[in-house]
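Student: Provided herewith: coords_32.json, JSON, C-alpha atoms.
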[["chain", "number", "residue", "atom", "x", "y", "z"],
["A", 1, "MET", "CA", 0.00, 0.00, 0.00],
["A", 2, "GLY", "CA", 1.30, 3.44, -0.84],
["A", 3, "ALA", "CA", 1.33, 6.51, 1.35],
["A", 4, "PRO", "CA", -2.04, 7.98, 2.34],
["A", 5, "ALA", "CA", -3.49, 10.76, 0.24],
["A", 6, "TYR", "CA", -4.61, 14.16, 1.39],
["A", 7, "ASP", "CA", -7.73, 13.37, 3.43],
["A", 8, "GLY", "CA", -9.21, 16.75, 4.26],
["A", 9, "ARG", "CA", -6.60, 17.86, 6.80],
["A", 10, "VAL", "CA", -4.19, 20.73, 6.63],
["A", 11, "SER", "CA", -0.57, 20.71, 7.79],
["A", 12, "ILE", "CA", -0.42, 19.73, 11.46],
["A", 13, "GLY", "CA", 2.60, 21.20, 13.24],
["A", 14, "GLY", "CA", 3.02, 23.82, 10.57],
["A", 15, "THR", "CA", 3.25, 26.80, 12.91],
["A", 16, "SER", "CA", 5.49, 25.09, 15.46],
["A", 17, "GLY", "CA", 7.71, 23.90, 12.61],
["A", 18, "TYR", "CA", 9.23, 27.38, 12.44],
["A", 19, "THR", "CA", 10.69, 27.16, 15.94],
["A", 20, "GLY", "CA", 14.35, 28.12, 15.81],
["A", 21, "LEU", "CA", 14.27, 29.27, 12.19],
["A", 22, "ALA", "CA", 15.91, 32.63, 11.52],
["A", 23, "ALA", "CA", 16.10, 35.06, 8.60],
["A", 24, "LEU", "CA", 12.41, 34.72, 7.72],
["A", 25, "PRO", "CA", 10.60, 37.44, 5.77],
["A", 26, "THR", "CA", 9.14, 39.99, 8.19],
["A", 27, "LEU", "CA", 5.52, 39.25, 7.28],
["A", 28, "VAL", "CA", 6.08, 35.52, 7.68],
["A", 29, "ALA", "CA", 7.54, 36.00, 11.16],
["A", 30, "GLN", "CA", 4.58, 38.20, 12.12],
["A", 31, "ALA", "CA", 2.07, 35.61, 10.87],
["A", 32, "ILE", "CA", 3.87, 32.87, 12.80],
["A", 33, "ARG", "CA", 3.63, 34.94, 15.99],
["A", 34, "LEU", "CA", -0.09, 35.38, 15.34],
["A", 35, "GLY", "CA", -0.58, 31.64, 14.88],
["A", 36, "THR", "CA", 1.37, 30.91, 18.05],
["A", 37, "ARG", "CA", -0.66, 33.43, 20.03],
["A", 38, "LEU", "CA", -3.95, 31.94, 18.77],
["A", 39, "GLY", "CA", -2.81, 28.35, 19.28],
["A", 40, "PHE", "CA", -3.24, 27.68, 15.56],
["A", 41, "ASP", "CA", -0.77, 24.97, 14.49],
["A", 42, "LYS", "CA", -2.04, 24.23, 10.99],
["A", 43, "SER", "CA", -0.03, 26.82, 9.10],
["A", 44, "CYS", "CA", 1.89, 26.38, 5.88],
["A", 45, "ARG", "CA", 5.11, 24.53, 6.71],
["A", 46, "PRO", "CA", 8.50, 26.15, 5.99],
["A", 47, "GLU", "CA", 9.14, 23.78, 3.08],
["A", 48, "GLN", "CA", 5.82, 24.75, 1.48],
["A", 49, "GLY", "CA", 6.39, 28.41, 2.22],
["A", 50, "ARG", "CA", 9.71, 28.52, 0.41],
["A", 51, "LEU", "CA", 8.12, 26.91, -2.65],
["A", 52, "LEU", "CA", 5.29, 29.47, -2.64],
["A", 53, "HIS", "CA", 7.76, 32.31, -2.19],
["A", 54, "ALA", "CA", 9.63, 31.24, -5.32],
["A", 55, "LEU", "CA", 6.52, 30.65, -7.41],
["A", 56, "ALA", "CA", 4.98, 33.99, -6.42],
["A", 57, "ALA", "CA", 7.78, 35.83, -8.19],
["A", 58, "GLY", "CA", 6.51, 34.48, -11.51],
["A", 59, "ALA", "CA", 2.99, 35.90, -11.20],
["A", 60, "ALA", "CA", 2.41, 38.90, -13.45],
["A", 61, "GLU", "CA", -0.97, 40.14, -12.23],
["A", 62, "SER", "CA", -2.69, 38.08, -9.55],
["A", 63, "ILE", "CA", -2.26, 35.33, -6.96],
["A", 64, "GLY", "CA", -5.03, 33.39, -5.22],
["A", 65, "GLU", "CA", -5.07, 31.20, -2.11],
["A", 66, "THR", "CA", -7.75, 29.17, -0.38],
["A", 67, "GLY", "CA", -7.35, 28.58, 3.34],
["A", 68, "THR", "CA", -5.74, 31.71, 4.82],
["A", 69, "GLY", "CA", -5.40, 30.33, 8.34],
["A", 70, "CYS", "CA", -3.25, 32.79, 10.28],
["A", 71, "GLY", "CA", -1.68, 34.12, 7.10],
["A", 72, "VAL", "CA", 1.64, 32.27, 7.03],
["A", 73, "GLY", "CA", 1.30, 30.99, 3.46],
["A", 74, "LEU", "CA", -0.16, 34.33, 2.43],
["A", 75, "ALA", "CA", 2.86, 36.06, 3.94],
["A", 76, "TRP", "CA", 5.23, 33.85, 1.93],
["A", 77, "LEU", "CA", 3.30, 34.70, -1.24],
["A", 78, "VAL", "CA", 3.20, 38.43, -0.54],
["A", 79, "SER", "CA", 6.89, 38.49, 0.35],
["A", 80, "GLY", "CA", 7.81, 36.82, -2.95],
["A", 81, "ARG", "CA", 5.52, 38.65, -5.37],
["A", 82, "ARG", "CA", 6.43, 41.50, -7.67],
["A", 83, "ASP", "CA", 5.23, 45.02, -6.85],
["A", 84, "GLY", "CA", 1.65, 45.59, -7.95],
["A", 85, "VAL", "CA", 0.61, 41.93, -8.09],
["A", 86, "ARG", "CA", -2.79, 41.46, -6.46],
["A", 87, "VAL", "CA", -3.16, 38.70, -3.85],
["A", 88, "VAL", "CA", -6.55, 37.33, -2.75],
["A", 89, "SER", "CA", -6.83, 34.80, 0.07],
["A", 90, "VAL", "CA", -10.08, 33.10, 1.08],
["A", 91, "GLU", "CA", -10.84, 31.90, 4.62],
["A", 92, "ARG", "CA", -14.10, 30.52, 6.06],
["A", 93, "ASP", "CA", -13.29, 31.06, 9.78],
["A", 94, "THR", "CA", -14.60, 34.49, 10.77],
["A", 95, "ARG", "CA", -12.25, 34.83, 13.73],
["A", 96, "LEU", "CA", -9.16, 34.13, 11.63],
["A", 97, "VAL", "CA", -10.29, 36.53, 8.92],
["A", 98, "GLU", "CA", -10.52, 39.36, 11.44],
["A", 99, "HIS", "CA", -7.05, 38.69, 12.84],
["A", 100, "VAL", "CA", -5.37, 38.34, 9.45],
["A", 101, "ARG", "CA", -7.03, 41.44, 8.08],
["A", 102, "ARG", "CA", -5.50, 43.39, 10.95],
["A", 103, "LEU", "CA", -2.11, 41.77, 10.33],
["A", 104, "PHE", "CA", -2.11, 42.74, 6.65],
["A", 105, "ALA", "CA", -3.72, 46.15, 7.09],
["A", 106, "GLY", "CA", -1.66, 48.63, 5.14],
["A", 107, "VAL", "CA", -0.06, 45.99, 2.89],
["A", 108, "PRO", "CA", -1.02, 47.05, -0.65],
["A", 109, "ASP", "CA", -2.93, 44.85, -3.09],
["A", 110, "VAL", "CA", -3.88, 42.18, -0.53],
["A", 111, "GLU", "CA", -7.48, 41.12, 0.10],
["A", 112, "ILE", "CA", -8.66, 38.56, 2.66],
["A", 113, "VAL", "CA", -12.11, 37.29, 1.68],
["A", 114, "HIS", "CA", -14.48, 35.66, 4.16],
["A", 115, "GLY", "CA", -16.08, 32.57, 2.64],
["A", 116, "ASP", "CA", -15.49, 28.99, 1.62],
["A", 117, "TRP", "CA", -13.08, 28.12, -1.19],
["A", 118, "THR", "CA", -15.69, 28.76, -3.90],
["A", 119, "ALA", "CA", -15.43, 32.49, -3.19],
["A", 120, "ALA", "CA", -12.17, 32.40, -5.15],
["A", 121, "TYR", "CA", -14.12, 32.06, -8.40],
["A", 122, "ALA", "CA", -15.30, 35.66, -8.14],
["A", 123, "HIS", "CA", -11.70, 36.93, -8.00],
["A", 124, "GLY", "CA", -9.97, 34.74, -10.61],
["A", 125, "PRO", "CA", -8.57, 33.58, -12.87],
["A", 126, "PHE", "CA", -5.11, 33.82, -11.30],
["A", 127, "ASP", "CA", -1.54, 33.56, -12.51],
["A", 128, "LEU", "CA", -0.82, 31.42, -9.42],
["A", 129, "LEU", "CA", -3.41, 29.62, -7.29],
["A", 130, "VAL", "CA", -2.67, 27.73, -4.08],
["A", 131, "LEU", "CA", -5.34, 25.27, -2.97],
["A", 132, "ASP", "CA", -4.70, 24.95, 0.74],
["A", 133, "GLY", "CA", -6.63, 24.69, 3.97],
["A", 134, "GLY", "CA", -9.65, 22.54, 4.76],
["A", 135, "GLY", "CA", -12.76, 22.04, 2.68],
["A", 136, "ASN", "CA", -12.99, 19.90, -0.43],
["A", 137, "ALA", "CA", -11.53, 22.10, -3.16],
["A", 138, "LYS", "CA", -8.37, 20.00, -3.45],
["A", 139, "GLY", "CA", -9.24, 16.69, -1.87],
["A", 140, "SER", "CA", -12.17, 15.81, -4.08],
["A", 141, "GLY", "CA", -10.86, 17.60, -7.16],
["A", 142, "THR", "CA", -13.92, 19.81, -7.44],
["A", 143, "ALA", "CA", -12.07, 23.07, -8.08],
["A", 144, "ASP", "CA", -12.09, 23.90, -11.80],
["A", 145, "PRO", "CA", -8.64, 25.06, -12.96],
["A", 146, "THR", "CA", -10.04, 26.35, -16.25],
["A", 147, "ARG", "CA", -12.00, 28.95, -14.28],
["A", 148, "LEU", "CA", -9.44, 29.64, -11.56],
["A", 149, "VAL", "CA", -6.07, 29.64, -13.39],
["A", 150, "ARG", "CA", -5.08, 31.56, -16.49],
["A", 151, "PRO", "CA", -3.58, 29.64, -19.42],
["A", 152, "GLY", "CA", 0.09, 29.28, -18.60],
["A", 153, "GLY", "CA", -0.64, 29.91, -14.93],
["A", 154, "VAL", "CA", 0.43, 27.68, -12.04],
["A", 155, "LEU", "CA", -1.67, 25.64, -9.61],
["A", 156, "VAL", "CA", -0.29, 24.28, -6.33],
["A", 157, "VAL", "CA", -2.16, 21.62, -4.34],
["A", 158, "ASP", "CA", -0.61, 21.18, -0.88],
["A", 159, "ASP", "CA", -0.49, 18.63, 1.93],
["A", 160, "PHE", "CA", 0.00, 15.26, 0.28],
["A", 161, "THR", "CA", 2.16, 12.52, 1.71],
["A", 162, "PRO", "CA", 4.84, 11.60, -0.86],
["A", 163, "ALA", "CA", 3.84, 8.73, -3.13],
["A", 164, "THR", "CA", 6.00, 5.61, -2.97],
["A", 165, "GLU", "CA", 4.59, 3.79, -6.01],
["A", 166, "TRP", "CA", 2.66, 4.38, -9.21],
["A", 167, "PRO", "CA", -0.18, 4.77, -9.32],
["A", 168, "PRO", "CA", -0.33, 6.24, -5.81],
["A", 169, "THR", "CA", -2.81, 4.47, -3.56],
["A", 170, "HIS", "CA", -4.89, 5.27, -0.52],
["A", 171, "ALA", "CA", -6.43, 2.53, 1.66],
["A", 172, "GLY", "CA", -5.46, -0.02, -0.97],
["A", 173, "GLN", "CA", -7.23, 1.81, -3.78],
["A", 174, "PRO", "CA", -5.97, 4.28, -6.41],
["A", 175, "ASP", "CA", -5.55, 7.71, -4.87],
["A", 176, "GLU", "CA", -8.18, 9.43, -6.98],
["A", 177, "ALA", "CA", -7.76, 12.85, -5.36],
["A", 178, "ARG", "CA", -4.09, 13.01, -6.29],
["A", 179, "LEU", "CA", -4.57, 11.35, -9.68],
["A", 180, "HIS", "CA", -7.25, 13.89, -10.55],
["A", 181, "TRP", "CA", -4.62, 16.63, -10.57],
["A", 182, "LEU", "CA", -1.75, 14.62, -11.99],
["A", 183, "ARG", "CA", -3.88, 13.41, -14.93],
["A", 184, "HIS", "CA", -6.04, 16.49, -15.45],
["A", 185, "PRO", "CA", -6.25, 17.13, -19.23],
["A", 186, "GLU", "CA", -5.90, 20.90, -18.77],
["A", 187, "LEU", "CA", -2.76, 20.63, -16.62],
["A", 188, "ALA", "CA", 0.85, 19.58, -16.96],
["A", 189, "ALA", "CA", 1.39, 18.38, -13.39],
["A", 190, "ILE", "CA", 4.06, 16.76, -11.26],
["A", 191, "GLU", "CA", 4.36, 15.78, -7.60],
["A", 192, "VAL", "CA", 7.17, 17.63, -5.81],
["A", 193, "ARG", "CA", 8.54, 16.08, -2.61],
["A", 194, "LEU", "CA", 9.28, 18.85, -0.11],
["A", 195, "ALA", "CA", 10.17, 16.66, 2.89],
["A", 196, "PRO", "CA", 10.11, 12.94, 3.75],
["A", 197, "ASP", "CA", 6.51, 13.35, 4.89],
["A", 198, "LEU", "CA", 5.32, 16.18, 2.67],
["A", 199, "ALA", "CA", 4.62, 16.71, -1.04],
["A", 200, "SER", "CA", 2.75, 19.15, -3.26],
["A", 201, "VAL", "CA", 1.32, 18.79, -6.74],
["A", 202, "VAL", "CA", 2.55, 21.65, -8.93],
["A", 203, "ALA", "CA", 0.84, 22.11, -12.29],
["A", 204, "THR", "CA", 0.83, 24.54, -15.21],
["A", 205, "ARG", "CA", -2.43, 25.11, -17.03],
["A", 206, "ARG", "CA", -2.01, 24.22, -20.69],
["A", 207, "ARG", "CA", -2.42, 27.05, -23.20]]
Write out the structure in this file as structure tokens.
Tutor:
Amino acid sequence: MGAPAYDGRVSIGGTSGYTGLAALPTLVAQAIRLGTRLGFDKSCRPEQGRLLHALAAGAAESIGETGTGCGVGLAWLVSGRRDGVRVVSVERDTRLVEHVRRLFAGVPDVEIVHGDWTAAYAHGPFDLLVLDGGGNAKGSGTADPTRLVRPGGVLVVDDFTPATEWPPTHAGQPDEARLHWLRHPELAAIEVRLAPDLASVVATRRR
């Protein structure tokens, strides 16, 4: 049996995973402090954050994210983007939205939207979209990349356990959630191992 697929959870231990790390972007460090203060330990892990930071630099106009949490992933994206690139992050937890809006107050071209992941449709398509957080946008493969990502744009689906065989399996069956993205006809996709226990699917929408 292969490694388990994403099953609806977000990164556990993500916030505490930054303990002892130095030389972080200022916004990232501030978001980590917020998560620690709120006892929120499901933030984007450092390995994921560095990937998002690098990919954000390639966005020409807009970046989207589902699952803001305490804003750690958002901070990596904002810290890596070019000047003038709009960033929209969607979060369904009212309390978190209020805290993150205060954290990013005064940061230009950043909008935190209160709602479930489907609220991203009203703000896309994006040059870069990160499907993160809870809900079923990434696990069930219900998010439509043709509506959410521009041709030539990049989609990142976080929080998979690295596959150890092909096709990847979950509970003895093909891992349909992961295969949905890897085999999507509109995407050129690959699984990227970020740590022994962590992988992301990174895909470019075909032109």
Student: Could you check the closest approach to Gln30 of chain A for each of A:Leu131, A:Val97, A:Lys138, A:Arg102 and tell me which residue wins, using only C-alpha atoms?
Tutor: A:Arg102
Student: Which residue out of A:Gly106, A:Gly67, A:Pro151, A:Gly58 has the minimum interatomic distance to Ser43 of chain A when only C-alpha atoms are used?
Tutor: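 So, comparing all the options, the nearest one is A:Gly67.
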Student: From the set A:Arg101, A:Phe160, A:Ala120, A:Ala195, which residue has the shortest atom-to-atom contact distance to Leu179 of chain A, counting all atoms listed in the file?
Tutor: A:Phe160
Student: Sorted by chain and rising residue number, list the residues of segment 145-167 of chain A at most 10 Å from segment 180-185 of chain A (counting all atoms listed in the file), each with its closest atom pair and distance in Å to one decimal, as a Markdown table.
Tutor:
| residue | atom | partner | partner_atom | distance |
| --- | --- | --- | --- | --- |
| A:Pro145 | CA | A:His184 | CA | 9.3 |
| A:Leu155 | CA | A:Trp181 | CA | 9.5 |
| A:Val156 | CA | A:Trp181 | CA | 9.8 |
| A:Val157 | CA | A:Trp181 | CA | 8.4 |
Student: Expressed in Å to a single decimal, how great is the separation between atom CA of Asp83 of chain A and atom CA of Gly152 of chain A?
Tutor: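 For atom CA of Asp83 of chain A relative to atom CA of Gly152 of chain A, the distance reads 20.3 Å.
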Student: Between A:Gly20, A:Gly115, A:Gly80, A:Gly124, which is the closest to Gly64 of chain A once you count only C-alpha atoms?
Tutor: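 Of A:Gly20, A:Gly115, A:Gly80, A:Gly124, the one nearest Gly64 of chain A, counting only C-alpha atoms, is A:Gly124.
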Student: Tell me, as number ranges by chain, which residues lie within 12 Å of Leu148 of chain A, counting only C-alpha atoms; anything in the same chain fewer than 2 positions away does not count.
Tutor: A: 62-66, 117-131, 137, 142-146, 150-156, 186, 205
Student: I'd like the interatomic distance between atom CA of Val72 of chain A and atom CA of Leu55 of chain A, to a tenth of an Å.
Tutor: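 Answer for the atom CA of Val72 of chain A to atom CA of Leu55 of chain A separation: 15.3 Å.
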Student: For the atom pair atom CA of Ala189 of chain A and atom CA of Arg82 of chain A, what is the interatomic distance in Å to one decimal place?
Tutor: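 Separation between atom CA of Ala189 of chain A and atom CA of Arg82 of chain A: 24.3 Å.
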Student: Hey, which of A:Thr15, A:Ala188, A:Lys42, A:Glu165 ends up closest to Arg206 of chain A? Count all atoms listed in the file.
Tutor: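 Answer, going by the shortest atom-to-atom distance: A:Ala188.
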Student: Could you tell me which of A:Ala163, A:Ala54, A:Leu96, A:Val90 comes closest to Ile112 of chain A if we count all atoms listed in the file?
Tutor: A:Val90
Student: Which residues are close to Gly39 of chain A, i.e. within 12 Å by only C-alpha atoms, leaving aside same-chain residues fewer than 6 positions away? Reply as number ranges by chain.
Tutor: A: 12-16, 32-33, 69-70, 96
Student: Using only C-alpha atoms, which protein or nucleic acid residues come within 12 Å of Leu21 of chain A? Drop anything in the same chain fewer than 6 positions from it, and give the result as a list of chain:residue names.
Tutor: A:Thr15, A:Val28, A:Ala29, A:Ile32, A:Arg45, A:Pro46, A:Glu47
Student: Keeping only C-alpha atoms, write those residues as a PDB file, in the coordinates of the input.
Tutor:
ATOM      1  CA  THR A  15       3.250  26.800  12.910  1.00  0.00           C
ATOM      2  CA  VAL A  28       6.080  35.520   7.680  1.00  0.00           C
ATOM      3  CA  ALA A  29       7.540  36.000  11.160  1.00  0.00           C
ATOM      4  CA  ILE A  32       3.870  32.870  12.800  1.00  0.00           C
ATOM      5  CA  ARG A  45       5.110  24.530   6.710  1.00  0.00           C
ATOM      6  CA  PRO A  46       8.500  26.150   5.990  1.00  0.00           C
ATOM      7  CA  GLU A  47       9.140  23.780   3.080  1.00  0.00           C
TER       8      GLU A  47
END
Student: Quick one: residues within 9 Å of Arg193 of chain A, all atoms listed in the file, excluding same-chain residues fewer than 4 positions away - as a PyMOL selection string?
Tutor: chain A and resi 161-163+197-201
Student: Please produce a file of the residues just selected, as a short mmCIF file (atom, residue, chain, number, x, y, z; two decimals), in the frame of the given file, where the atoms kept are C-alpha atoms.
Tutor:
data_model
loop_
_atom_site.label_atom_id
_atom_site.label_comp_id
_atom_site.auth_asym_id
_atom_site.auth_seq_id
_atom_site.Cartn_x
_atom_site.Cartn_y
_atom_site.Cartn_z
CA THR A 161 2.16 12.52 1.71
CA PRO A 162 4.84 11.60 -0.86
CA ALA A 163 3.84 8.73 -3.13
CA ASP A 197 6.51 13.35 4.89
CA LEU A 198 5.32 16.18 2.67
CA ALA A 199 4.62 16.71 -1.04
CA SER A 200 2.75 19.15 -3.26
CA VAL A 201 1.32 18.79 -6.74
#
Student: Near Pro167 of chain A, counting only C-alpha atoms, which residues have an atom at most 10 Å away, once you skip same-chain residues fewer than 5 positions from it, shown as a ChimeraX atom specification?
Tutor: /A:2,173-176,178-179
